[in-house]
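Shown next, in structure tokens, is the structure this report addresses.
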Amino acid sequence: MILIALGANLSSRFGTPEQTISAARDALEGRGIGVLRMSSIWLSAPVPVSDQPWYRNAVLLVETDLEPLALLRALKALEVEFGRMSDERNAPRVLDLDIIAYNDELLEAEALTVPHPRAHERAFVLYPLQEIAPDWRHPMLQSDVAALIAALPEGQEIERYEGGEAA
């Protein structure tokens, strides 16, 4: 099971953050990354807390023949194509794409750690993930999504976006 998180809190040339997420989903198809399922779009407060706009987040279940590092390169190229300028951590952005899991692989390289090292601490990853893959188990922690949600640190504000659609 290959899982990709999408996030945006700034408008792009594609429109609102919600429209940007939809455009990014569609753009993946042309890069050898087939989208099998997409969660609803969720609204979440920035982590760590700041005065920047709330994020729109979703999670995709995808299939691809790309190896993890090639998949990461494809995602980072798409971010740049969509107008991402800064690699500053926790900065506002037009698009953020992260590999959450790549099957049950454990990978720790300079450019990529799989599963994502903070996914289990982020409501904006776990709530959308629960919609499309409720039986997924974190390969290192051996916890399912419901247990990970129950263990989330307090104070992460999140709600389903009323205009968001699951696909």
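Labels used: A, B, ... for chains in the order of the structure tokens, numbers from 1 for residues in each chain, and numbers from 1 for ligands as shown.
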
Counting only C-alpha atoms, which residues of segment 126-147 of chain A fall within 9 Å of segment 1-14 of chain A, and what is the closest atom pair for each with its distance in Å at one decimal, ordered by chain and rising number, as JSON lines?
```
{"residue": "A:Pro128", "atom": "CA", "partner": "A:Ala5", "partner_atom": "CA", "distance": 8.8}
{"residue": "A:Leu129", "atom": "CA", "partner": "A:Leu3", "partner_atom": "CA", "distance": 8.3}
{"residue": "A:Ala133", "atom": "CA", "partner": "A:Met1", "partner_atom": "CA", "distance": 8.9}
{"residue": "A:Trp136", "atom": "CA", "partner": "A:Met1", "partner_atom": "CA", "distance": 8.2}
```

What are the closest atom pairs, with distances in Å to one decimal, for each residue of segment 63-149 of chain A lying within 6 Å of segment 28-43 of chain A, using only C-alpha atoms, rows by chain and rising residue number, as CSV?
```
residue,atom,partner,partner_atom,distance
A:Glu63,CA,A:Gly34,CA,5.1
A:Thr64,CA,A:Ile33,CA,4.9
A:Pro128,CA,A:Ser39,CA,5.3
A:Glu131,CA,A:Ser39,CA,5.9
A:Ile132,CA,A:Ser39,CA,5.8
```

Tell me, which residues of segment 10-98 of chain A carry DSSP alpha helix (DSSP H), written as a ChimeraX atom specification? /A:17-29,68-81

Store the residues of this selection in a file with N, CA and C atoms, as a short mmCIF file (atom, residue, chain, number, x, y, z; two decimals), in the first residue's frame.
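again_5.cif was written with the following content:
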```cif
data_model
loop_
_atom_site.label_atom_id
_atom_site.label_comp_id
_atom_site.auth_asym_id
_atom_site.auth_seq_id
_atom_site.Cartn_x
_atom_site.Cartn_y
_atom_site.Cartn_z
N PRO A 17 -6.59 26.31 -2.61
CA PRO A 17 -5.88 25.10 -2.17
C PRO A 17 -6.64 23.82 -2.50
N GLU A 18 -7.98 23.84 -2.42
CA GLU A 18 -8.76 22.65 -2.77
C GLU A 18 -8.60 22.31 -4.25
N GLN A 19 -8.64 23.34 -5.10
CA GLN A 19 -8.47 23.11 -6.53
C GLN A 19 -7.05 22.64 -6.85
N THR A 20 -6.08 23.15 -6.11
CA THR A 20 -4.70 22.73 -6.29
C THR A 20 -4.53 21.26 -5.95
N ILE A 21 -5.14 20.83 -4.86
CA ILE A 21 -5.05 19.41 -4.47
C ILE A 21 -5.67 18.53 -5.56
N SER A 22 -6.81 18.92 -6.08
CA SER A 22 -7.45 18.15 -7.16
C SER A 22 -6.57 18.12 -8.41
N ALA A 23 -5.98 19.25 -8.76
CA ALA A 23 -5.10 19.31 -9.93
C ALA A 23 -3.86 18.44 -9.72
N ALA A 24 -3.32 18.43 -8.50
CA ALA A 24 -2.15 17.60 -8.20
C ALA A 24 -2.50 16.12 -8.34
N ARG A 25 -3.67 15.74 -7.83
CA ARG A 25 -4.12 14.35 -7.98
C ARG A 25 -4.15 13.98 -9.46
N ASP A 26 -4.76 14.84 -10.28
CA ASP A 26 -4.85 14.55 -11.71
C ASP A 26 -3.48 14.51 -12.37
N ALA A 27 -2.57 15.38 -11.96
CA ALA A 27 -1.22 15.43 -12.55
C ALA A 27 -0.40 14.18 -12.25
N LEU A 28 -0.66 13.53 -11.12
CA LEU A 28 0.08 12.32 -10.78
C LEU A 28 -0.16 11.22 -11.80
N GLU A 29 -1.37 11.17 -12.32
CA GLU A 29 -1.73 10.13 -13.29
C GLU A 29 -0.80 10.16 -14.51
N PRO A 68 10.87 3.94 -4.29
CA PRO A 68 10.61 5.05 -3.38
C PRO A 68 11.34 6.35 -3.70
N LEU A 69 12.63 6.30 -3.99
CA LEU A 69 13.37 7.54 -4.26
C LEU A 69 12.95 8.17 -5.59
N ALA A 70 12.63 7.36 -6.58
CA ALA A 70 12.13 7.89 -7.86
C ALA A 70 10.75 8.51 -7.66
N LEU A 71 9.93 7.90 -6.83
CA LEU A 71 8.62 8.47 -6.50
C LEU A 71 8.79 9.81 -5.81
N LEU A 72 9.71 9.89 -4.86
CA LEU A 72 9.97 11.15 -4.17
C LEU A 72 10.40 12.23 -5.16
N ARG A 73 11.30 11.90 -6.09
CA ARG A 73 11.74 12.88 -7.10
C ARG A 73 10.55 13.36 -7.94
N ALA A 74 9.66 12.45 -8.31
CA ALA A 74 8.49 12.82 -9.10
C ALA A 74 7.58 13.77 -8.30
N LEU A 75 7.40 13.49 -7.02
CA LEU A 75 6.56 14.35 -6.19
C LEU A 75 7.17 15.73 -6.00
N LYS A 76 8.48 15.78 -5.76
CA LYS A 76 9.15 17.08 -5.57
C LYS A 76 9.14 17.90 -6.86
N ALA A 77 9.28 17.24 -8.02
CA ALA A 77 9.20 17.95 -9.30
C ALA A 77 7.80 18.52 -9.50
N LEU A 78 6.79 17.77 -9.09
CA LEU A 78 5.42 18.26 -9.22
C LEU A 78 5.18 19.47 -8.31
N GLU A 79 5.72 19.44 -7.10
CA GLU A 79 5.59 20.60 -6.20
C GLU A 79 6.17 21.86 -6.87
N VAL A 80 7.34 21.73 -7.47
CA VAL A 80 7.97 22.87 -8.13
C VAL A 80 7.12 23.33 -9.32
N GLU A 81 6.63 22.38 -10.09
CA GLU A 81 5.78 22.71 -11.24
C GLU A 81 4.52 23.47 -10.79
#
```

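When DSSP is run on the backbone, the residues of segment 75-129 of chain A that fall into strand (DSSP E or B) are A:Asp96, A:Leu97, A:Asp98, A:Ile99, A:Ile100, A:Ala101, A:Tyr102, A:Leu107, A:Glu108, A:Thr113, A:Val114.
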
Rank nothing, just name the residue among A:Ile99, A:Leu126, A:Ala91, A:Ala151 nearest to Asp51 of chain A, using only C-alpha atoms. A:Ala91

Near Ala45 of chain A, within 7 Å and counting only C-alpha atoms, which residues show up once chain neighbours fewer than 5 positions away are dropped, as a ChimeraX atom specification? /A:54-55,156-158

Who sits within 8 Å of Leu152 of chain A, only C-alpha atoms, same chain under 3 positions skipped, as a PyMOL selection string: chain A and resi 120-123+148-149

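Note that the spacing between atom CA of Val145 of chain A and atom CA of Ala119 of chain A amounts to 10.6 Å.
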